[in-house]
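Participant: Input upload_35.cif, format and content: mmCIF, C-alpha atoms.
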data_start
loop_
_atom_site.label_atom_id
_atom_site.label_comp_id
_atom_site.auth_asym_id
_atom_site.auth_seq_id
_atom_site.Cartn_x
_atom_site.Cartn_y
_atom_site.Cartn_z
CA MET A 1391 7.30 24.71 5.99
CA LYS A 1392 4.78 22.99 8.22
CA ALA A 1393 6.09 20.67 10.89
CA SER A 1394 4.22 17.65 9.54
CA THR A 1395 5.52 18.27 6.03
CA ARG A 1396 9.03 18.45 7.41
CA THR A 1397 8.55 15.16 9.25
CA ASN A 1398 7.23 13.55 6.06
CA LEU A 1399 10.26 14.73 4.12
CA LEU A 1400 12.54 13.40 6.85
CA ILE A 1401 10.85 9.99 6.63
CA LEU A 1402 11.35 10.02 2.87
CA LEU A 1403 15.00 10.91 3.39
CA ALA A 1404 15.36 8.04 5.85
CA VAL A 1405 13.95 5.61 3.27
CA ALA A 1406 16.49 6.87 0.75
CA VAL A 1407 19.29 6.39 3.26
CA VAL A 1408 18.14 2.85 4.02
CA ALA A 1409 18.11 2.04 0.30
CA VAL A 1410 21.48 3.61 -0.49
CA LEU A 1411 23.48 2.70 2.60
CA PRO A 1412 24.20 -0.94 1.59
CA LEU A 1413 25.68 0.35 -1.66
CA ALA A 1414 27.58 3.16 0.03
CA ILE A 1415 29.24 0.92 2.60
CA GLY A 1416 30.03 -1.62 -0.09
CA ALA A 1417 28.07 -4.47 1.49
CA GLY A 1418 28.45 -6.49 -1.68
CA ASP A 1419 32.22 -6.10 -1.95
CA GLY A 1420 34.15 -9.28 -2.55
CA MET A 1421 31.04 -11.23 -3.43
CA GLU A 1422 30.89 -13.22 -6.61
CA GLU A 1423 27.72 -11.48 -7.60
CA PRO A 1424 27.13 -8.41 -5.46
CA PHE A 1425 23.49 -7.62 -4.67
CA ALA A 1426 22.11 -10.64 -6.46
CA GLY A 1427 18.49 -11.45 -5.83
CA ALA A 1428 17.76 -13.43 -2.68
CA ASP A 1429 15.66 -15.86 -4.71
CA ALA A 1430 18.64 -16.70 -6.93
CA GLN A 1431 20.73 -17.31 -3.79
CA ALA A 1432 18.01 -19.58 -2.46
CA GLU A 1433 18.09 -21.57 -5.68
CA THR A 1434 21.83 -22.05 -5.19
CA ALA A 1435 21.26 -23.18 -1.61
CA ILE A 1436 18.63 -25.65 -2.78
CA ALA A 1437 21.02 -27.00 -5.40
CA GLU A 1438 23.56 -27.63 -2.62
CA ASN A 1439 21.09 -29.42 -0.38
CA ARG A 1440 19.48 -31.38 -3.19
CA PRO A 1441 22.11 -31.82 -5.88
CA GLY A 1442 19.80 -33.74 -8.18
CA TYR A 1443 16.74 -31.50 -7.88
CA GLU A 1444 15.31 -30.31 -11.15
CA PRO A 1445 12.45 -27.80 -11.18
CA TRP A 1446 9.52 -29.84 -12.44
CA PHE A 1447 7.64 -26.96 -13.95
CA SER A 1448 8.85 -23.95 -15.86
CA PRO A 1449 7.22 -20.55 -16.21
CA LEU A 1450 4.63 -20.30 -18.96
CA TYR A 1451 6.12 -17.05 -20.10
CA GLU A 1452 9.59 -15.78 -19.38
CA PRO A 1453 10.73 -12.28 -20.34
CA PRO A 1454 13.20 -12.89 -23.17
CA SER A 1455 15.84 -10.54 -21.78
CA GLY A 1456 16.81 -8.61 -18.71
CA GLU A 1457 15.74 -5.42 -20.42
CA ILE A 1458 12.23 -6.68 -21.07
CA GLU A 1459 12.03 -7.99 -17.53
CA SER A 1460 13.11 -4.71 -15.96
CA GLY A 1461 10.65 -2.94 -18.23
CA LEU A 1462 7.81 -5.09 -16.91
CA PHE A 1463 8.90 -4.47 -13.33
CA ALA A 1464 8.94 -0.76 -14.07
CA LEU A 1465 5.45 -1.09 -15.53
CA GLN A 1466 4.25 -2.80 -12.36
CA ALA A 1467 5.70 -0.04 -10.20
CA ALA A 1468 4.33 2.66 -12.48
CA VAL A 1469 0.79 1.27 -12.45
CA GLY A 1470 0.88 1.00 -8.66
CA ALA A 1471 2.40 4.43 -8.12
CA GLY A 1472 -0.07 5.93 -10.59
CA ILE A 1473 -3.04 4.60 -8.64
CA VAL A 1474 -1.62 5.72 -5.30
CA GLY A 1475 -0.91 9.17 -6.74
CA TYR A 1476 -4.38 9.31 -8.28
CA TYR A 1477 -5.89 8.55 -4.88
CA PHE A 1478 -4.07 11.39 -3.17
CA GLY A 1479 -4.90 13.72 -6.04
CA VAL A 1480 -8.59 12.90 -5.80
CA VAL A 1481 -8.64 13.30 -2.03
CA ARG A 1482 -6.83 16.60 -2.19
CA THR A 1483 -9.10 18.02 -4.86
CA ARG A 1484 -12.19 16.71 -3.09
CA ARG A 1485 -11.19 18.49 0.09
CA ARG A 1486 -10.55 21.72 -1.73
CA LEU A 1487 -13.82 21.60 -3.60
CA THR A 1488 -15.73 20.58 -0.51
CA SER A 1489 -14.61 23.65 1.33
CA ALA A 1490 -15.01 25.84 -1.74
CA GLY A 1491 -18.34 24.20 -2.64
CA THR A 1492 -19.86 24.73 0.77
CA SER A 1493 -19.15 28.40 0.66
CA ALA A 1494 -20.06 28.75 -3.00
CA SER A 1495 -23.50 27.19 -2.56
CA ALA A 1496 -24.02 29.27 0.55
CA GLY A 1497 -23.09 32.29 -1.48
CA THR A 1498 -25.49 31.64 -4.34
CA SER A 1499 -28.46 30.71 -2.24
CA ALA A 1500 -28.13 33.67 0.01
CA SER A 1501 -26.68 36.23 -2.33
CA ALA A 1502 -29.89 38.27 -2.34
CA ASP A 1503 -29.68 38.82 1.35
CA ALA A 1504 -26.37 40.04 2.61
CA THR A 1505 -27.10 39.36 6.26
CA ALA A 1506 -28.29 35.84 5.54
CA SER A 1507 -25.22 35.15 3.49
CA THR A 1508 -22.84 36.24 6.19
CA GLY A 1509 -24.83 34.13 8.59
CA ALA A 1510 -24.56 31.15 6.29
CA THR A 1511 -20.86 31.46 5.75
CA VAL A 1512 -19.94 31.52 9.40
CA PRO A 1513 -20.42 27.80 10.00
CA SER A 1514 -18.49 26.87 6.89
CA GLY A 1515 -15.65 29.08 7.99
CA ALA A 1516 -15.71 27.50 11.41
CA ALA A 1517 -15.71 24.05 9.84
CA GLY A 1518 -12.17 24.66 8.82
CA SER A 1519 -12.41 25.87 5.22
CA SER A 1520 -9.82 28.49 4.67
CA GLY A 1521 -10.08 32.24 4.81
CA THR A 1522 -11.39 32.69 1.29
CA ALA A 1523 -14.63 30.99 2.23
CA GLY A 1524 -15.56 33.67 4.70
CA SER A 1525 -15.64 36.38 2.08
CA SER A 1526 -17.65 34.36 -0.42
CA GLY A 1527 -21.06 35.68 0.46
CA MET A 1528 -20.17 39.26 -0.39
CA ALA A 1529 -20.87 39.49 -4.09
CA GLY A 1530 -18.39 42.24 -4.73
CA SER A 1531 -15.47 41.21 -2.63
CA SER A 1532 -15.70 37.53 -3.40
CA GLY A 1533 -12.44 35.70 -3.86
CA THR A 1534 -12.07 32.35 -5.52
CA ALA A 1535 -14.78 30.71 -3.49
CA GLY A 1536 -17.45 33.33 -4.12
CA SER A 1537 -17.12 33.10 -7.88
CA SER A 1538 -18.61 29.60 -7.71
CA GLY A 1539 -17.30 26.16 -8.42
CA SER A 1540 -15.84 26.74 -11.84
CA ALA A 1541 -13.22 29.24 -10.80
CA ALA A 1542 -12.37 27.25 -7.72
CA ALA A 1543 -12.14 24.08 -9.78
CA ALA A 1544 -9.76 25.66 -12.21
CA GLU A 1545 -7.25 26.33 -9.50
CA PRO A 1546 -6.48 22.91 -7.99
CA ALA A 1547 -4.54 20.48 -10.09
CA GLY A 1548 -5.89 19.93 -13.56
CA PRO A 1549 -7.80 16.94 -14.79
CA TYR A 1550 -9.75 16.11 -11.67
CA GLY A 1551 -11.16 19.58 -11.50
CA SER A 1552 -14.10 19.07 -13.80
CA ARG A 1553 -15.23 15.84 -12.16
CA GLY A 1554 -14.88 17.33 -8.73
CA ALA A 1555 -16.84 20.42 -9.68
CA GLY A 1556 -19.86 18.25 -10.33
CA ALA A 1557 -19.54 16.96 -6.81
CA ALA A 1558 -19.39 20.35 -5.19
CA PRO A 1559 -23.19 20.71 -4.75
CA TYR A 1560 -23.08 17.98 -2.07
CA PRO A 1561 -21.45 19.90 0.71
CA GLY A 1562 -19.51 18.09 3.32
CA GLU A 1563 -19.35 14.80 1.50
CA GLY A 1564 -17.04 13.24 -1.02
CA ALA A 1565 -17.56 13.28 -4.74
CA ARG A 1566 -17.78 9.56 -5.28
CA GLY A 1567 -20.07 7.29 -3.34
CA GLY A 1568 -20.01 9.43 -0.26
CA GLY A 1569 -22.64 11.79 -1.62
CA PRO A 1570 -26.38 11.35 -1.24
CA ASP A 1571 -26.57 9.22 -4.37
CA GLY A 1572 -23.66 7.00 -3.43
CA GLY A 1573 -25.40 5.06 -0.73
CA THR A 1574 -28.25 3.94 -2.92
CA ARG A 1575 -26.15 2.98 -5.90
CA GLU A 1576 -25.83 -0.73 -5.36
CA GLY A 1577 -24.88 -3.83 -7.15
CA MET B 474 11.59 -12.72 -3.51
CA HIS B 475 9.22 -15.59 -3.83
CA ILE B 476 9.83 -19.28 -4.33
CA ALA B 477 10.61 -19.79 -8.00
CA GLU B 478 8.48 -21.86 -10.36
CA GLY B 479 8.92 -25.61 -9.94
CA PHE B 480 11.13 -25.31 -6.87
CA LEU B 481 8.66 -26.95 -4.52
CA PRO B 482 8.04 -30.69 -4.98
CA PRO B 483 4.48 -31.40 -6.19
CA ILE B 484 3.30 -32.64 -2.77
CA HIS B 485 4.48 -29.46 -1.07
CA ALA B 486 3.09 -27.27 -3.83
CA ALA B 487 -0.30 -28.94 -3.50
CA ALA B 488 -0.29 -28.80 0.30
CA TRP B 489 0.45 -25.08 0.42
CA THR B 490 -2.16 -24.41 -2.22
CA VAL B 491 -4.73 -26.25 -0.11
CA ALA B 492 -3.57 -24.29 2.95
CA ALA B 493 -3.82 -20.90 1.25
CA ALA B 494 -7.02 -21.44 -0.74
CA PRO B 495 -9.53 -21.06 2.13
CA PHE B 496 -7.95 -17.76 3.15
CA VAL B 497 -8.14 -16.41 -0.38
CA VAL B 498 -11.74 -17.57 -0.86
CA HIS B 499 -12.74 -16.12 2.51
CA GLY B 500 -10.87 -12.97 1.54
CA ALA B 501 -12.74 -12.71 -1.74
CA ARG B 502 -16.02 -12.80 0.22
CA ALA B 503 -14.74 -10.17 2.64
CA LEU B 504 -13.64 -8.04 -0.29
CA THR B 505 -17.04 -8.26 -1.99
CA ARG B 506 -18.79 -7.38 1.25
CA GLN B 507 -16.41 -4.50 1.83
CA VAL B 508 -17.10 -3.08 -1.63
CA ARG B 509 -20.87 -3.54 -1.31
CA GLU B 510 -21.20 -2.07 2.16
CA LYS B 511 -18.67 0.72 1.85
CA PRO B 512 -18.43 1.63 -1.83
CA GLU B 513 -16.89 4.96 -0.85
CA GLY B 514 -13.83 3.03 0.32
CA LEU B 515 -13.22 1.53 -3.12
CA LEU B 516 -10.67 4.11 -4.18
CA LEU B 517 -8.66 3.67 -0.99
CA LEU B 518 -8.90 -0.09 -1.43
CA GLY B 519 -7.40 0.27 -4.89
CA ALA B 520 -4.66 2.47 -3.49
CA ALA B 521 -3.80 -0.10 -0.80
CA GLY B 522 -3.56 -2.83 -3.42
CA ALA B 523 -1.52 -0.54 -5.65
CA PHE B 524 0.86 0.15 -2.76
CA SER B 525 1.59 -3.57 -2.57
CA PHE B 526 2.01 -3.57 -6.35
CA VAL B 527 4.64 -0.83 -6.24
CA LEU B 528 6.60 -2.20 -3.31
CA SER B 529 6.81 -5.74 -4.61
CA ALA B 530 8.25 -4.42 -7.87
CA LEU B 531 11.07 -2.53 -6.16
CA LYS B 532 14.24 -4.54 -5.66
CA ILE B 533 16.19 -2.89 -2.87
CA PRO B 534 19.75 -3.71 -1.79
CA SER B 535 20.29 -4.95 1.73
CA VAL B 536 23.27 -4.75 4.07
CA THR B 537 23.75 -8.49 3.54
CA GLY B 538 25.04 -7.75 0.04
CA SER B 539 22.02 -9.22 -1.71
CA SER B 540 18.79 -7.63 -2.73
CA SER B 541 15.12 -8.41 -2.40
CA HIS B 542 11.83 -6.58 -2.48
CA PRO B 543 9.31 -5.54 0.17
CA THR B 544 5.74 -6.83 0.07
CA GLY B 545 3.62 -3.78 0.84
CA THR B 546 0.90 -5.89 2.45
CA GLY B 547 1.07 -4.33 5.91
CA LEU B 548 -0.74 -1.14 4.89
CA GLY B 549 -3.74 -2.95 3.42
CA ALA B 550 -3.90 -5.34 6.38
CA ILE B 551 -4.07 -2.43 8.81
CA LEU B 552 -6.67 -0.51 6.80
CA PHE B 553 -8.87 -3.30 5.43
CA ARG B 554 -8.06 -6.32 7.67
CA PRO B 555 -5.96 -9.30 6.56
CA PRO B 556 -8.67 -11.25 4.64
CA VAL B 557 -8.99 -8.49 2.06
CA MET B 558 -5.23 -8.42 1.71
CA ALA B 559 -5.19 -12.17 1.01
CA VAL B 560 -6.89 -11.38 -2.29
CA LEU B 561 -4.91 -8.27 -3.18
CA GLY B 562 -1.59 -9.96 -2.38
CA THR B 563 -2.51 -12.97 -4.47
CA ILE B 564 -3.37 -10.72 -7.41
CA THR B 565 0.10 -9.21 -7.21
CA LEU B 566 1.64 -12.69 -7.08
CA VAL B 567 -0.35 -13.88 -10.11
CA PHE B 568 0.78 -10.85 -12.10
CA GLN B 569 4.41 -11.52 -11.25
CA ALA B 570 4.13 -15.24 -11.90
CA LEU B 571 2.49 -14.84 -15.30
CA LEU B 572 4.33 -11.87 -16.75
CA LEU B 573 7.65 -11.71 -14.95
CA ALA B 574 8.51 -15.36 -14.34
CA HIS B 575 8.91 -14.22 -10.73
CA GLY B 576 7.48 -16.73 -8.32
CA GLY B 577 5.34 -19.23 -10.16
CA LEU B 578 2.01 -20.96 -10.63
CA THR B 579 3.04 -24.20 -8.92
CA THR B 580 4.47 -22.19 -6.04
CA LEU B 581 1.60 -19.69 -6.02
CA GLY B 582 -0.07 -21.43 -3.07
CA ALA B 583 3.09 -21.33 -0.96
CA ASN B 584 3.88 -17.75 -1.94
CA ALA B 585 0.30 -16.64 -1.33
CA PHE B 586 0.40 -18.31 2.07
CA SER B 587 3.54 -16.40 3.06
CA MET B 588 2.90 -13.01 1.45
CA ALA B 589 -0.89 -12.75 1.33
CA VAL B 590 -1.89 -14.71 4.45
CA ALA B 591 0.89 -15.00 7.04
CA GLY B 592 2.40 -11.57 6.43
CA PRO B 593 -0.84 -9.57 6.66
CA TRP B 594 -2.02 -11.47 9.74
CA ALA B 595 1.31 -11.05 11.51
CA GLY B 596 1.41 -7.39 10.57
CA TYR B 597 -2.16 -6.80 11.70
CA ALA B 598 -1.53 -8.61 15.00
CA VAL B 599 1.56 -6.53 15.70
CA TYR B 600 -0.31 -3.36 14.73
CA LEU B 601 -3.17 -4.17 17.11
CA LEU B 602 -0.77 -5.06 19.89
CA ALA B 603 1.16 -1.83 19.43
CA ARG B 604 -2.05 0.21 19.50
CA ARG B 605 -3.36 -1.66 22.53
CA LEU B 606 -0.12 -0.88 24.34
CA GLY B 607 -0.69 2.78 23.68
CA GLY B 608 1.36 3.18 20.51
CA SER B 609 0.35 5.90 18.09
CA LEU B 610 -1.13 5.19 14.68
CA GLY B 611 2.28 5.88 13.14
CA THR B 612 4.12 3.56 15.52
CA GLY B 613 1.57 0.82 14.90
CA ALA B 614 1.83 1.27 11.14
CA PHE B 615 5.62 1.12 11.17
CA LEU B 616 5.77 -1.97 13.39
CA GLY B 617 2.89 -3.66 11.59
CA ALA B 618 4.41 -3.18 8.16
CA PHE B 619 7.81 -4.26 9.45
CA ALA B 620 6.30 -7.45 10.88
CA ALA B 621 4.25 -8.20 7.75
CA ASP B 622 7.32 -7.85 5.55
CA LEU B 623 9.71 -9.84 7.71
CA SER B 624 7.32 -12.63 8.65
CA THR B 625 6.54 -13.22 4.98
CA TYR B 626 10.13 -14.19 4.34
CA CYS B 627 10.44 -16.18 7.56
CA VAL B 628 7.53 -18.29 6.32
CA THR B 629 9.21 -18.61 2.93
CA SER B 630 12.34 -19.91 4.69
CA VAL B 631 10.27 -22.47 6.61
CA GLN B 632 8.56 -23.58 3.42
CA LEU B 633 11.88 -24.15 1.67
CA ALA B 634 13.42 -25.88 4.68
CA LEU B 635 10.47 -28.30 4.80
CA ALA B 636 10.80 -29.05 1.10
CA HIS B 637 14.58 -29.13 0.84
CA PRO B 638 16.15 -30.02 4.20
CA ASP B 639 19.89 -30.05 4.59
CA PRO B 640 21.20 -33.59 4.04
CA ARG B 641 23.30 -33.43 7.22
CA THR B 642 21.61 -31.01 9.58
CA GLY B 643 18.05 -31.59 8.42
CA PHE B 644 15.20 -29.12 8.75
CA ALA B 645 16.86 -26.92 11.37
CA GLY B 646 20.08 -26.55 9.43
CA ALA B 647 18.20 -25.78 6.24
CA LEU B 648 16.01 -23.26 8.05
CA ALA B 649 19.16 -21.45 9.19
CA GLU B 650 20.50 -21.47 5.63
CA TYR B 651 17.36 -20.19 3.94
CA GLY B 652 16.72 -17.85 6.82
CA ALA B 653 20.15 -16.33 6.27
CA VAL B 654 19.29 -15.81 2.61
CA PHE B 655 15.76 -14.50 2.99
CA ALA B 656 14.99 -13.34 6.50
CA VAL B 657 18.26 -11.59 7.37
CA THR B 658 18.28 -9.78 4.03
CA GLN B 659 14.71 -8.80 4.66
CA VAL B 660 15.24 -7.16 8.06
CA TRP B 661 16.80 -4.19 6.31
CA LEU B 662 14.08 -3.99 3.70
CA ALA B 663 11.40 -4.31 6.34
CA ILE B 664 12.73 -1.10 7.89
CA ALA B 665 12.33 0.64 4.54
CA GLU B 666 8.82 -0.72 4.14
CA GLY B 667 7.91 0.29 7.69
CA LEU B 668 9.04 3.84 7.02
CA LEU B 669 7.18 4.06 3.72
CA THR B 670 4.00 2.70 5.31
CA LEU B 671 4.39 5.18 8.14
CA LEU B 672 4.63 7.96 5.57
CA VAL B 673 1.52 6.86 3.68
CA VAL B 674 -0.48 6.42 6.89
CA ARG B 675 0.53 9.92 8.00
CA LEU B 676 -0.62 11.34 4.67
CA LEU B 677 -3.87 9.37 4.91
CA ALA B 678 -4.56 10.54 8.46
CA GLN B 679 -4.13 14.07 7.19
CA SER B 680 -6.07 13.83 3.93
CA SER B 681 -8.60 11.04 4.47
CA ARG B 682 -9.37 10.95 8.15
CA ALA B 683 -13.07 10.31 7.54
CA GLU B 684 -12.33 7.34 5.30
CA LEU B 685 -10.00 5.80 7.87
CA VAL B 686 -12.50 6.27 10.68
CA ASN B 687 -15.16 4.75 8.43
CA LEU B 688 -12.94 1.66 8.08
CA GLY B 689 -12.65 1.40 11.84
CA VAL B 690 -9.10 2.66 12.08
CA ASP B 691 -8.49 4.56 15.27
CA VAL B 692 -7.17 7.89 14.04
CA PRO B 693 -6.17 10.60 16.48
CA ALA B 694 -7.86 13.94 15.98
CA VAL B 695 -5.33 15.90 14.04
CA LYS B 696 -5.39 19.58 13.39
CA GLU B 697 -7.14 20.19 10.10
CA ALA B 698 -4.54 20.53 7.41
CA LYS B 699 -4.97 23.62 5.33
CA ALA B 700 -6.54 22.34 2.14
#
How does the structure come out when it is put into C-alpha cells?
Facilitator:
Amino acid sequence: MKASTRTNLLILLAVAVVAVLPLAIGAGDGMEEPFAGADAQAETAIAENRPGYEPWFSPLYEPPSGEIESGLFALQAAVGAGIVGYYFGVVRTRRRLTSAGTSASAGTSASADATASTGATVPSGAAGSSGTAGSSGMAGSSGTAGSSGSAAAAEPAGPYGSRGAGAAPYPGEGARGGGPDGGTREG
Amino acid sequence: MHIAEGFLPPIHAAAWTVAAAPFVVHGARALTRQVREKPEGLLLLGAAGAFSFVLSALKIPSVTGSSSHPTGTGLGAILFRPPVMAVLGTITLVFQALLLAHGGLTTLGANAFSMAVAGPWAGYAVYLLARRLGGSLGTGAFLGAFAADLSTYCVTSVQLALAHPDPRTGFAGALAEYGAVFAVTQVWLAIAEGLLTLLVVRLLAQSSRAELVNLGVDVPAVKEAKA
C-alpha cells in the first residue's frame, strides 16, 4: 500500500474514532436525554431565560415523524456524497484517459512510421503516464493504451468511460471545459 | 444545529437578515463570475457545495453528551473564497429550513450570517494565517475547517445571547450558557470536520492539482500519483 493511501486511511480511522468515542466512554450517561440535539438544548435554555417566550413563527412544513425526518436527512447526505463521489470518479477517469489518450493518439498518427512513433511516445511517457503508454506505438506489442481509446475506456470504472473517451482526443486537458472548446463556450 | 424557526424576536430576525443579505448578494455575483471565468471549475464547485450538504446532514455525538452537526463550509472557503461559500451555505440552510424544519425562514438571516458568512471568513483567515506561517496545505485545511466550524457556533451563541439574555446575569451569563450548549459541543465535532476536510484536500491535491492551482490554491508539487 502506498504511504499516502495509508495516511488517508489513518485519517478516516481517526474520524471514526472521534465519532464513536463519546458513545464508547458513555458521555451521555446519567443524562435525561443522552445525545440530544444541541438545538433542542438551546430551546430549553431559552425557555429558562425567557419563560414566556413563544416562537412567533412555525415551520411551513414539518416532517410528520422522526422516520420521515431521518429519511430526508439521509437524502441530503446521499445527494451530497453522490456529487462528491461523482467528482472524484470523473477526475480519476479523466486522468486515466488523458494518459491513455495521449499515447493512443500518438500511436495512431505515427503508426506508419515505427521510429516516429517511438519518438512520439517518449514525451508522453516522461509526462508521467504509466508504463503501458510507452509500448503503445508498437502496433503488435500494444497493451491497453495502444489499442486506442475504446479498450482503455472500458477498463476504468463504468459509466463515465464513454463520456471520457470522447474527451481523449484533447491530450493533456480535461474532458469538460478544459479542452479547446471549453474556453469559448460561454454564457 | 441552527437557531430554530421563530426563536429570534422579529427585530433580531430582521437585523440579522439585513446583516447577512449583502454578503449573500455579493457572493452570488462572485459565484457567477467564478462560473463564467473558470467554467472548468464548475464540477469542483459543485463538489465543495455538496461537501457542505453532506456534513450538515450528519449528526455526530460529542463528548459533552449531546450531538450536533458540522458545517462543511471550510473546504469551499479555502478553495473558492468565502463569498462563494456565502451562497452555497445559504442554499444548504434553505433546504434544511424548508424540508426538514431544521433552522427556519425567520432565522435564515441569523443562521446564514453564522454558517455562511462568519464561519467561512474565519476559516479562510485561519487557513491563510497558517499558510503564511509556513503550514502545509493539509495543516491549513485542518485548522481552517476547524475554525470555520467552531466559529459558526460561537456566533450562534452570541446571536442567542443577544436575543435572550439571562434575566440575572444578562448577556454575558447567557453567552456562557448558550456557549456551553453550542460551542463546547462543537469543539469535538470541529476536530472531526477538520480531519475530513484534510482528507478531501489531500485527495484533491493528488487528483486535481491543476484545478486547485487554477483556483489560486498554493499546492505543493507532489509526486504524480499512478493513475
Participant: Name the residues in contact with Val590 in chain B at a cut-off of 9 Å, using only C-alpha atoms, excluding same-chain residues fewer than 3 positions from it; report them as a list in words.
Facilitator: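 The filter keeps Ala493, Phe496, Val497, Pro555, Pro556, Met558, Ala559, Gly562, Ala585, Phe586, Ser587, Pro593, Trp594, Ala595 and Thr625 of chain B.
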Participant: Check which residues satisfy the PyMOL selection byres ((chain B and resi 479) around 8) in the file shown, then give them as a PyMOL selection string.
Facilitator: (chain A and resi 1445-1448) or (chain B and resi 477-478+480-482+577+579-580)
Participant: Take the residues that were just selected and, keeping C-alpha atoms, output them as a compact mmCIF listing (two decimals), in the frame of the given file.
Facilitator:
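Dumped everything to selection-v1.txt:
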# COMPACT_ATOMS: atom_id res chain seq x y z
CA PRO A 1445 12.45 -27.80 -11.18
CA TRP A 1446 9.52 -29.84 -12.44
CA PHE A 1447 7.64 -26.96 -13.95
CA SER A 1448 8.85 -23.95 -15.86
CA ALA B 477 10.61 -19.79 -8.00
CA GLU B 478 8.48 -21.86 -10.36
CA PHE B 480 11.13 -25.31 -6.87
CA LEU B 481 8.66 -26.95 -4.52
CA PRO B 482 8.04 -30.69 -4.98
CA GLY B 577 5.34 -19.23 -10.16
CA THR B 579 3.04 -24.20 -8.92
CA THR B 580 4.47 -22.19 -6.04
Participant: Measuring atom to atom with all atoms listed in the file, identify which of A:Leu1399, A:Ala1417, A:Ala1404, A:Met1391 is nearest to Glu666 in chain B.
Facilitator: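 Using all atoms listed in the file, the shortest distance to Glu666 in chain B belongs to A:Ala1404.
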Participant: So for range 596-611 of chain B, what box centre and size do we get, axis-aligned, 4 Å extra on each of the six sides, every listed atom, Å to one decimal, as lines of an AutoDock Vina configuration file?
Facilitator:
center_x = -0.5
center_y = -1.4
center_z = 17.5
size_x = 13.6
size_y = 22.5
size_z = 21.8
Participant: Rounded to one decimal in Å, what is the spacing between CA of Pro1453 in chain A and CA of Gly1427 in chain A?
Facilitator: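 Taking CA of Pro1453 in chain A as the start and CA of Gly1427 in chain A as the end point, the length is 16.5 Å.
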Participant: Taking all atoms listed in the file into account, name the residue in B:Gly538, B:Leu572, B:Ala621, B:Thr612 that is nearest to Gly1418 in chain A.
Facilitator: B:Gly538
Participant: Report, in Å to a single decimal, how far apart CA of Val628 in chain B and CA of Ile476 in chain B are.
Facilitator: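 One can read the CA of Ile476 in chain B to CA of Val628 in chain B distance as 10.9 Å.
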Participant: Please measure the separation of CA of Thr490 in chain B and CA of Leu601 in chain B, giving the value in Å to one decimal.
Facilitator: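 Going from CA of Thr490 in chain B over to CA of Leu601 in chain B, I get 28.0 Å.
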Participant: So that I can check the surroundings of Gly522 in chain B, please list as a ChimeraX atom specification every protein, DNA and RNA residue that reaches within 12 Å of it, counting all atoms listed in the file and ignoring chain neighbours fewer than 2 positions away.
Facilitator: /A:1466-1467,1469-1474,1477 /B:504,515-520,524-529,544-550,552-553,557-566,589
Participant: Find the spatial neighbours of range 672-683 of chain B, counting all atoms listed in the file, within a cut-off of 7 Å - ignore same-chain residues fewer than 5 positions away - and output them as a list in words.
Facilitator: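 Counting only the stated atoms, we get Asn1398, Ile1401, Val1481 and Arg1482 of chain A; Gly611, Val692 and Ala698 of chain B.
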Participant: So which one's closest to chain A, B:Glu684, B:Tyr600, B:Pro640, B:Ala663? Using only C-alpha atoms, please.
Facilitator: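 Of B:Glu684, B:Tyr600, B:Pro640, B:Ala663, the one nearest chain A, counting only C-alpha atoms, is B:Pro640.
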Participant: At the level of C-alpha atoms, write range 1405-1432 of chain A to a file as a compact mmCIF listing (two decimals), in the first residue's frame, please.
Facilitator:
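Produced file result.txt, reproduced below:
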# COMPACT_ATOMS: atom_id res chain seq x y z
CA VAL A 1405 -12.64 10.45 12.14
CA ALA A 1406 -14.38 7.22 13.08
CA VAL A 1407 -12.72 7.27 16.49
CA VAL A 1408 -13.77 10.88 17.07
CA ALA A 1409 -17.37 9.99 16.18
CA VAL A 1410 -17.53 6.83 18.27
CA LEU A 1411 -15.52 7.83 21.33
CA PRO A 1412 -18.31 9.89 23.01
CA LEU A 1413 -20.56 6.85 22.80
CA ALA A 1414 -17.85 4.44 23.92
CA ILE A 1415 -16.93 6.43 27.02
CA GLY A 1416 -20.61 6.92 27.83
CA ALA A 1417 -20.53 10.72 27.69
CA GLY A 1418 -24.31 10.79 27.79
CA ASP A 1419 -24.67 8.56 30.83
CA GLY A 1420 -26.97 9.84 33.53
CA MET A 1421 -28.45 12.50 31.28
CA GLU A 1422 -32.17 12.80 30.90
CA GLU A 1423 -31.86 12.57 27.18
CA PRO A 1424 -28.40 11.36 26.17
CA PHE A 1425 -27.01 12.82 22.95
CA ALA A 1426 -29.96 15.09 22.33
CA GLY A 1427 -29.52 17.73 19.68
CA ALA A 1428 -27.76 20.91 20.77
CA ASP A 1429 -30.56 22.96 19.22
CA ALA A 1430 -33.14 21.27 21.44
CA GLN A 1431 -30.95 22.02 24.47
CA ALA A 1432 -30.72 25.63 23.38
